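With compact mmCIF, C-alpha atoms inside, this is run_12.txt:
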# COMPACT_ATOMS: atom_id res chain seq x y z
CA MET A 2 46.39 -15.38 -10.31
CA THR A 3 44.72 -18.17 -8.39
CA PRO A 4 42.85 -20.90 -10.31
CA GLU A 5 39.59 -19.62 -8.81
CA ALA A 6 40.18 -16.14 -10.21
CA ALA A 7 41.19 -17.55 -13.60
CA ILE A 8 38.00 -19.62 -13.86
CA PHE A 9 35.95 -16.67 -12.65
CA TYR A 10 37.37 -14.38 -15.34
CA LEU A 11 36.81 -17.04 -18.00
CA PHE A 12 33.12 -17.39 -17.11
CA ALA A 13 32.67 -13.65 -16.57
CA VAL A 14 34.09 -12.75 -19.98
CA LEU A 15 32.05 -15.53 -21.60
CA ALA A 16 28.85 -14.37 -19.90
CA VAL A 17 29.21 -10.70 -20.74
CA GLY A 18 30.49 -11.37 -24.26
CA SER A 19 27.67 -13.72 -25.18
CA ALA A 20 25.15 -11.36 -23.58
CA ALA A 21 26.45 -8.66 -25.91
CA VAL A 22 25.94 -11.04 -28.84
CA VAL A 23 22.36 -11.69 -27.61
CA VAL A 24 21.62 -7.99 -27.70
CA LEU A 25 23.49 -7.03 -30.87
CA ALA A 26 23.24 -10.03 -33.22
CA ARG A 27 21.33 -9.49 -36.43
CA SER A 28 19.76 -12.92 -36.46
CA LEU A 29 17.34 -14.25 -33.87
CA ILE A 30 18.93 -17.69 -34.00
CA TYR A 31 22.36 -16.23 -33.18
CA SER A 32 20.77 -14.39 -30.24
CA ALA A 33 19.13 -17.58 -28.94
CA PHE A 34 22.34 -19.61 -29.11
CA ALA A 35 24.39 -16.83 -27.53
CA LEU A 36 21.83 -16.83 -24.72
CA LEU A 37 22.70 -20.52 -24.23
CA PHE A 38 26.32 -19.55 -23.55
CA THR A 39 25.24 -16.80 -21.16
CA PHE A 40 23.12 -19.24 -19.14
CA PHE A 41 25.98 -21.76 -19.06
CA SER A 42 28.50 -19.20 -17.85
CA VAL A 43 26.16 -17.89 -15.17
CA ALA A 44 25.76 -21.50 -14.00
CA GLY A 45 29.56 -21.69 -13.87
CA LEU A 46 29.64 -18.55 -11.72
CA TYR A 47 27.08 -20.18 -9.39
CA VAL A 48 29.43 -23.15 -9.02
CA ILE A 49 32.30 -20.84 -8.07
CA LEU A 50 29.98 -19.22 -5.51
CA GLY A 51 29.25 -22.63 -3.99
CA ALA A 52 25.63 -22.79 -5.13
CA ASP A 53 25.58 -26.28 -6.58
CA PHE A 54 21.81 -26.79 -6.46
CA LEU A 55 21.17 -23.47 -8.17
CA ALA A 56 23.74 -24.21 -10.87
CA ALA A 57 21.96 -27.47 -11.67
CA SER A 58 18.56 -25.73 -11.62
CA GLN A 59 19.91 -23.03 -13.89
CA LEU A 60 21.00 -25.63 -16.43
CA LEU A 61 17.79 -27.67 -16.18
CA ILE A 62 15.27 -24.81 -16.17
CA TYR A 63 16.95 -22.07 -18.20
CA VAL A 64 18.78 -24.16 -20.78
CA GLY A 65 16.34 -27.06 -20.88
CA GLY A 66 13.10 -25.12 -20.48
CA ILE A 67 13.20 -21.40 -21.08
CA LEU A 68 15.66 -21.46 -23.97
CA VAL A 69 13.70 -24.21 -25.74
CA LEU A 70 10.51 -22.18 -25.23
CA LEU A 71 12.20 -19.11 -26.71
CA LEU A 72 13.39 -21.14 -29.70
CA PHE A 73 9.81 -22.35 -30.20
CA GLY A 74 8.75 -18.71 -30.06
CA VAL A 75 11.30 -17.83 -32.74
CA MET A 76 10.17 -20.67 -34.97
CA LEU A 77 6.43 -20.09 -34.54
CA THR A 78 6.53 -16.36 -35.20
CA HIS A 79 8.27 -16.66 -38.55
CA LYS A 80 7.29 -18.38 -41.70
CA ILE A 81 9.20 -21.59 -41.91
CA TYR A 82 10.72 -20.73 -45.31
CA GLU A 83 12.12 -17.42 -44.09
CA LEU A 84 15.65 -18.52 -43.45
CA ASP A 85 17.33 -15.31 -42.40
CA LEU A 86 15.11 -14.58 -39.33
CA ARG A 87 16.19 -10.99 -39.14
CA SER A 88 15.54 -8.90 -36.08
CA GLU A 89 15.98 -5.19 -36.58
CA VAL A 90 17.41 -2.79 -34.07
CA THR A 91 15.48 0.43 -33.57
CA GLN A 92 16.26 3.59 -31.61
CA PHE A 93 19.80 2.40 -31.12
CA LEU A 94 21.30 5.78 -30.24
CA PRO A 95 18.92 6.62 -27.35
CA GLY A 96 19.26 3.03 -26.12
CA ALA A 97 23.06 3.26 -26.20
CA ILE A 98 23.02 6.55 -24.31
CA ILE A 99 20.78 5.04 -21.61
CA TRP A 100 23.06 1.97 -21.56
CA VAL A 101 26.16 4.09 -20.95
CA GLY A 102 24.32 5.96 -18.21
CA ILE A 103 23.22 2.78 -16.44
CA VAL A 104 26.68 1.20 -16.66
CA ALA A 105 28.39 4.33 -15.34
CA MET A 106 25.92 4.69 -12.49
CA LEU A 107 26.09 1.03 -11.43
CA LEU A 108 29.88 0.79 -11.69
CA ALA A 109 30.36 4.01 -9.71
CA THR A 110 28.01 2.72 -7.03
CA ILE A 111 29.72 -0.67 -6.85
CA MET A 112 33.21 0.82 -6.67
CA ARG A 113 32.39 3.51 -4.11
CA THR A 114 30.33 1.44 -1.71
CA ARG A 115 32.17 -0.27 1.10
CA TRP A 116 30.40 -3.62 0.96
CA LYS A 117 29.75 -5.08 4.36
CA VAL A 118 31.06 -8.60 3.99
CA GLY A 119 29.93 -11.06 6.62
CA PRO A 120 31.52 -14.34 7.61
CA GLY A 121 30.24 -15.88 4.40
CA ARG A 122 29.22 -19.43 3.85
CA ALA A 123 31.69 -22.24 3.31
CA PRO A 124 31.10 -23.90 -0.07
CA LEU A 125 29.33 -26.96 1.30
CA PRO A 126 26.63 -28.94 -0.54
CA THR A 127 23.41 -26.91 -0.40
CA THR A 128 20.72 -29.27 -1.67
CA THR A 129 19.73 -30.77 1.68
CA GLU A 130 19.70 -27.40 3.37
CA ILE A 131 17.57 -25.80 0.62
CA GLY A 132 15.11 -28.69 0.75
CA LEU A 133 14.78 -28.41 4.54
CA GLN A 134 14.28 -24.65 4.30
CA PHE A 135 11.56 -25.03 1.68
CA MET A 136 9.74 -27.69 3.66
CA GLY A 137 10.09 -25.72 6.89
CA PRO A 138 10.05 -21.93 7.30
CA TRP A 139 9.50 -21.19 3.60
CA LEU A 140 6.66 -23.63 3.00
CA LEU A 141 3.98 -21.02 2.27
CA PRO A 142 5.98 -19.06 -0.35
CA PHE A 143 7.03 -22.38 -1.87
CA GLU A 144 3.43 -23.56 -2.28
CA ALA A 145 2.36 -20.14 -3.52
CA ALA A 146 5.12 -20.25 -6.17
CA SER A 147 4.04 -23.69 -7.33
CA ILE A 148 0.41 -22.58 -7.63
CA LEU A 149 1.54 -19.46 -9.50
CA LEU A 150 3.48 -21.65 -11.94
CA LEU A 151 0.47 -23.94 -12.47
CA VAL A 152 -1.87 -20.99 -13.05
CA ALA A 153 0.58 -19.32 -15.43
CA LEU A 154 1.03 -22.47 -17.52
CA ILE A 155 -2.71 -23.17 -17.74
CA GLY A 156 -3.28 -19.51 -18.60
CA ALA A 157 -0.64 -19.63 -21.32
CA ALA A 158 -2.28 -22.72 -22.83
CA MET A 159 -5.68 -20.99 -22.71
CA ILE A 160 -4.35 -17.84 -24.41
CA VAL A 161 -2.84 -19.62 -27.40
CA ARG A 162 -5.65 -22.14 -27.82
CA ARG A 163 -7.58 -21.73 -31.05
CA LYS A 164 -11.18 -20.91 -30.26
CA PRO A 165 -13.50 -23.69 -31.44
CA GLY A 166 -15.10 -22.65 -34.70
CA ALA A 167 -12.77 -19.73 -35.24
CA MET B 12 38.80 -15.58 -2.58
CA ILE B 13 37.88 -12.90 -5.10
CA GLY B 14 35.95 -9.91 -3.85
CA ILE B 15 32.24 -9.47 -4.11
CA GLN B 16 32.71 -6.45 -6.39
CA HIS B 17 33.76 -8.75 -9.24
CA TYR B 18 30.41 -10.52 -9.22
CA LEU B 19 28.54 -7.24 -8.86
CA VAL B 20 30.33 -5.81 -11.90
CA VAL B 21 29.50 -8.87 -14.02
CA SER B 22 25.90 -8.66 -12.85
CA ALA B 23 25.72 -4.92 -13.60
CA LEU B 24 27.01 -5.51 -17.13
CA LEU B 25 24.47 -8.31 -17.73
CA PHE B 26 21.69 -6.09 -16.39
CA SER B 27 22.61 -3.13 -18.57
CA LEU B 28 22.91 -5.32 -21.66
CA GLY B 29 19.46 -6.71 -20.90
CA ILE B 30 18.07 -3.17 -20.66
CA LEU B 31 19.75 -2.32 -23.97
CA GLY B 32 18.12 -5.37 -25.56
CA VAL B 33 14.68 -4.48 -24.21
CA LEU B 34 15.02 -0.90 -25.44
CA THR B 35 16.43 -1.46 -28.91
CA ARG B 36 15.03 -4.68 -30.36
CA ARG B 37 11.88 -4.71 -32.42
CA ASN B 38 11.21 -8.43 -32.21
CA ALA B 39 9.16 -9.46 -29.19
CA VAL B 40 11.09 -12.72 -28.66
CA ASN B 41 14.32 -10.74 -28.56
CA VAL B 42 12.89 -8.41 -25.94
CA LEU B 43 12.06 -11.50 -23.88
CA MET B 44 15.70 -12.58 -24.15
CA GLY B 45 16.69 -9.20 -22.72
CA ILE B 46 14.31 -9.72 -19.80
CA GLU B 47 15.89 -13.13 -19.16
CA LEU B 48 19.31 -11.44 -19.02
CA ILE B 49 17.98 -8.97 -16.44
CA LEU B 50 16.54 -11.77 -14.27
CA ASN B 51 19.81 -13.70 -14.52
CA SER B 52 21.79 -10.70 -13.36
CA ALA B 53 19.46 -10.27 -10.37
CA ASN B 54 19.97 -13.93 -9.52
CA LEU B 55 23.74 -13.59 -9.75
CA ASN B 56 23.58 -10.73 -7.25
CA LEU B 57 21.40 -12.75 -4.87
CA VAL B 58 23.73 -15.74 -4.95
CA ALA B 59 26.81 -13.55 -4.52
CA PHE B 60 25.33 -11.84 -1.47
CA SER B 61 24.31 -15.23 -0.11
CA ARG B 62 27.93 -16.37 -0.40
CA TYR B 63 29.60 -13.28 1.02
CA GLY B 64 26.91 -12.11 3.42
CA ALA B 65 25.69 -13.38 6.75
CA GLY B 66 26.41 -17.01 5.94
CA ASN B 67 22.89 -18.28 5.45
CA LEU B 68 21.13 -19.57 2.37
CA GLN B 69 18.35 -17.01 2.00
CA GLY B 70 19.80 -15.44 -1.15
CA GLN B 71 19.82 -18.81 -2.88
CA LEU B 72 16.27 -19.56 -1.73
CA PHE B 73 15.15 -16.24 -3.19
CA ALA B 74 16.98 -17.05 -6.43
CA VAL B 75 14.91 -20.24 -6.75
CA PHE B 76 11.76 -18.10 -6.59
CA VAL B 77 13.17 -15.79 -9.26
CA ILE B 78 13.75 -18.80 -11.52
CA VAL B 79 10.13 -19.91 -10.98
CA ILE B 80 8.84 -16.44 -11.82
CA ALA B 81 11.05 -16.34 -14.93
CA ALA B 82 9.63 -19.65 -16.16
CA ALA B 83 6.03 -18.48 -15.61
CA GLU B 84 6.77 -15.12 -17.22
CA VAL B 85 8.33 -16.57 -20.36
CA ALA B 86 5.44 -19.03 -20.85
CA VAL B 87 2.75 -16.34 -20.58
CA ALA B 88 4.73 -13.82 -22.64
CA LEU B 89 5.30 -16.31 -25.45
CA ALA B 90 1.59 -17.13 -25.46
CA ILE B 91 0.85 -13.42 -25.91
CA VAL B 92 3.47 -13.10 -28.65
CA LEU B 93 2.02 -16.09 -30.53
CA THR B 94 -1.49 -14.65 -30.29
CA LEU B 95 -0.20 -11.30 -31.53
CA TYR B 96 1.48 -13.06 -34.44
CA ARG B 97 -1.71 -14.92 -35.26
CA LEU B 98 -3.77 -11.71 -35.26
CA ARG B 99 -1.37 -9.24 -36.86
CA ARG B 100 1.09 -11.49 -38.76
CA THR B 101 4.06 -9.75 -37.19
CA PRO B 102 6.36 -10.42 -34.24
CA ASN B 103 7.42 -6.76 -34.10
CA LEU B 104 6.32 -4.78 -31.11
CA ASP B 105 6.04 -1.39 -32.80
CA GLU B 106 3.42 -2.73 -35.21
CA ALA B 107 1.14 -3.79 -32.35
CA ASP B 108 -0.43 -0.37 -31.92
CA VAL B 109 -4.17 -1.14 -32.03
CA LEU B 110 -4.76 0.63 -28.73
CA LYS B 111 -2.90 3.77 -29.78
CA GLY B 112 -5.28 6.76 -29.84
So, in terms of structure tokens, how does the structure I just supplied come out?
Amino acid sequence: MTPEAAIFYLFAVLAVGSAAVVVLARSLIYSAFALLFTFFSVAGLYVILGADFLAASQLLIYVGGILVLLLFGVMLTHKIYELDLRSEVTQFLPGAIIWVGIVAMLLATIMRTRWKVGPGRAPLPTTTEIGLQFMGPWLLPFEAASILLLVALIGAAMIVRRKPGA
Amino acid sequence: MIGIQHYLVVSALLFSLGILGVLTRRNAVNVLMGIELILNSANLNLVAFSRYGAGNLQGQLFAVFVIVIAAAEVAVALAIVLTLYRLRRTPNLDEADVLKG
């Protein structure tokens, strides 16, 4: 087994295992911290795929931003003296049946399809290239995405704001 | 170099676990975690195809947009969950049934 394959399997097992903990853990805090390991391992897979800029963005935005937001959500939707932070599982049997169906369907599709593999991209640094692409042919989607993010954040602040006098 | 199927299998497992989380958890924050898993699996697919495909960076560019959408989505969704908690004193989705006929 090559070192690349060994590292890939390490990150793959870590990602899928911690994702299972996210879904099945009894406590919200366990779920949130397992999600941290999932994000880290997916960033590791990005590194193996030669996407260095995306791996760094994954760590900065998912681990530093989204996970912290989710932890705030956990803390603010429970009374601070409730220490167990339980999260119940409902309709587990139908969910599990659908899960088995989706896994079987996707795995069968992946295994049966003859994937058309192109020349591929050598694992070179991508940051410069991504920046040039965003400032060139992808400028309009880039600006639209930044305006969307601004609108969403202002909207979120407006939704949770306490109405004056209420 | 390992084949592209390996990445697709990992991504499929992450996606299905995310679906399982969305379907079976009662807590709204936990459902959001499932949605994050789904978006991460989509991103993994995009980056894998970018690596093994035609040799350009478009998959990675698209993945950046997915990350932006995920950040916007989680901010708005958490705002809604907090408002729900303030109104109904519960983070559970099945108790938010005011609109049910």
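When atom CA of Thr94 of chain B is paired with atom CA of Ile30 of chain A, their separation reads 21.0 Å.
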Neighbouring residues of segment 12-21 of chain A were defined as those with any atom within 12 Å, considering only C-alpha atoms; residues of the same chain fewer than 4 positions away were excluded. Please report them as a CSV table (one decimal) with C-alpha atoms, in the frame of the given file.
chain,number,residue,atom,x,y,z
A,5,GLU,CA,39.6,-19.6,-8.8
A,6,ALA,CA,40.2,-16.1,-10.2
A,7,ALA,CA,41.2,-17.6,-13.6
A,8,ILE,CA,38.0,-19.6,-13.9
A,25,LEU,CA,23.5,-7.0,-30.9
A,26,ALA,CA,23.2,-10.0,-33.2
A,27,ARG,CA,21.3,-9.5,-36.4
A,31,TYR,CA,22.4,-16.2,-33.2
A,32,SER,CA,20.8,-14.4,-30.2
A,33,ALA,CA,19.1,-17.6,-28.9
A,34,PHE,CA,22.3,-19.6,-29.1
A,35,ALA,CA,24.4,-16.8,-27.5
A,36,LEU,CA,21.8,-16.8,-24.7
A,37,LEU,CA,22.7,-20.5,-24.2
A,38,PHE,CA,26.3,-19.6,-23.6
A,39,THR,CA,25.2,-16.8,-21.2
A,40,PHE,CA,23.1,-19.2,-19.1
A,41,PHE,CA,26.0,-21.8,-19.1
A,42,SER,CA,28.5,-19.2,-17.8
A,43,VAL,CA,26.2,-17.9,-15.2
A,44,ALA,CA,25.8,-21.5,-14.0
A,45,GLY,CA,29.6,-21.7,-13.9
A,46,LEU,CA,29.6,-18.6,-11.7
A,47,TYR,CA,27.1,-20.2,-9.4
A,48,VAL,CA,29.4,-23.2,-9.0
A,49,ILE,CA,32.3,-20.8,-8.1
A,100,TRP,CA,23.1,2.0,-21.6
B,17,HIS,CA,33.8,-8.8,-9.2
B,18,TYR,CA,30.4,-10.5,-9.2
B,19,LEU,CA,28.5,-7.2,-8.9
B,20,VAL,CA,30.3,-5.8,-11.9
B,21,VAL,CA,29.5,-8.9,-14.0
B,22,SER,CA,25.9,-8.7,-12.8
B,23,ALA,CA,25.7,-4.9,-13.6
B,24,LEU,CA,27.0,-5.5,-17.1
B,25,LEU,CA,24.5,-8.3,-17.7
B,26,PHE,CA,21.7,-6.1,-16.4
B,27,SER,CA,22.6,-3.1,-18.6
B,28,LEU,CA,22.9,-5.3,-21.7
B,29,GLY,CA,19.5,-6.7,-20.9
B,30,ILE,CA,18.1,-3.2,-20.7
B,31,LEU,CA,19.8,-2.3,-24.0
B,32,GLY,CA,18.1,-5.4,-25.6
B,41,ASN,CA,14.3,-10.7,-28.6
B,44,MET,CA,15.7,-12.6,-24.2
B,45,GLY,CA,16.7,-9.2,-22.7
B,46,ILE,CA,14.3,-9.7,-19.8
B,47,GLU,CA,15.9,-13.1,-19.2
B,48,LEU,CA,19.3,-11.4,-19.0
B,49,ILE,CA,18.0,-9.0,-16.4
B,51,ASN,CA,19.8,-13.7,-14.5
B,52,SER,CA,21.8,-10.7,-13.4
B,55,LEU,CA,23.7,-13.6,-9.8
Distance table requested - chain A against chain B, cut-off 7 Å, all atoms listed in the file: one row per qualifying residue with the closest atom pair and its distance in Å to one decimal, ordered by chain and rising residue number, as CSV.
residue,atom,partner,partner_atom,distance
A:Ala6,CA,B:Ile13,CA,6.5
A:Ala13,CA,B:Val21,CA,6.3
A:Val17,CA,B:Leu25,CA,6.1
A:Ala20,CA,B:Leu25,CA,6.6
A:Ala21,CA,B:Leu28,CA,6.5
A:Val24,CA,B:Gly32,CA,4.9
A:Leu50,CA,B:Arg62,CA,6.2
A:Ile67,CA,B:Ala82,CA,6.3
A:Leu71,CA,B:Val40,CA,6.8
A:Gly74,CA,B:Leu89,CA,6.2
A:Val75,CA,B:Val40,CA,6.5
A:Thr78,CA,B:Pro102,CA,6.0
A:Ser88,CA,B:Asn38,CA,5.8
A:Glu89,CA,B:Arg37,CA,5.9
A:Val90,CA,B:Arg36,CA,4.8
A:Thr91,CA,B:Thr35,CA,5.1
A:Gln92,CA,B:Thr35,CA,5.7
A:Phe93,CA,B:Thr35,CA,5.6
A:Gly96,CA,B:Leu31,CA,5.8
A:Ala97,CA,B:Leu31,CA,6.9
A:Trp100,CA,B:Ser27,CA,5.9
A:Ile103,CA,B:Ser27,CA,6.3
A:Val104,CA,B:Ser27,CA,6.2
A:Leu107,CA,B:Ala23,CA,6.3
A:Leu108,CA,B:Val20,CA,6.6
A:Ile111,CA,B:Gln16,CA,6.5
A:Val118,CA,B:Gly64,CA,5.5
A:Gly119,CA,B:Gly64,CA,4.5
A:Pro120,CA,B:Ala65,CA,6.0
A:Gly121,CA,B:Gly66,CA,4.3
A:Arg122,CA,B:Gly66,CA,4.3
A:Ile131,CA,B:Leu72,CA,6.8
A:Ala146,CA,B:Val79,CA,7.0
A:Leu150,CA,B:Ala83,CA,5.5
A:Ala153,CA,B:Ala83,CA,5.5
A:Leu154,CA,B:Ala86,CA,6.5
A:Ala157,CA,B:Val87,CA,4.8
A:Ile160,CA,B:Ala90,CA,6.1
A:Val161,CA,B:Ala90,CA,5.4
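One distance worth recording is that between atom CA of Leu98 of chain B and atom CA of Lys164 of chain A, which is 12.8 Å.
Between atom CA of Leu94 of chain A and atom CA of Ala53 of chain B lies a distance of 25.6 Å.
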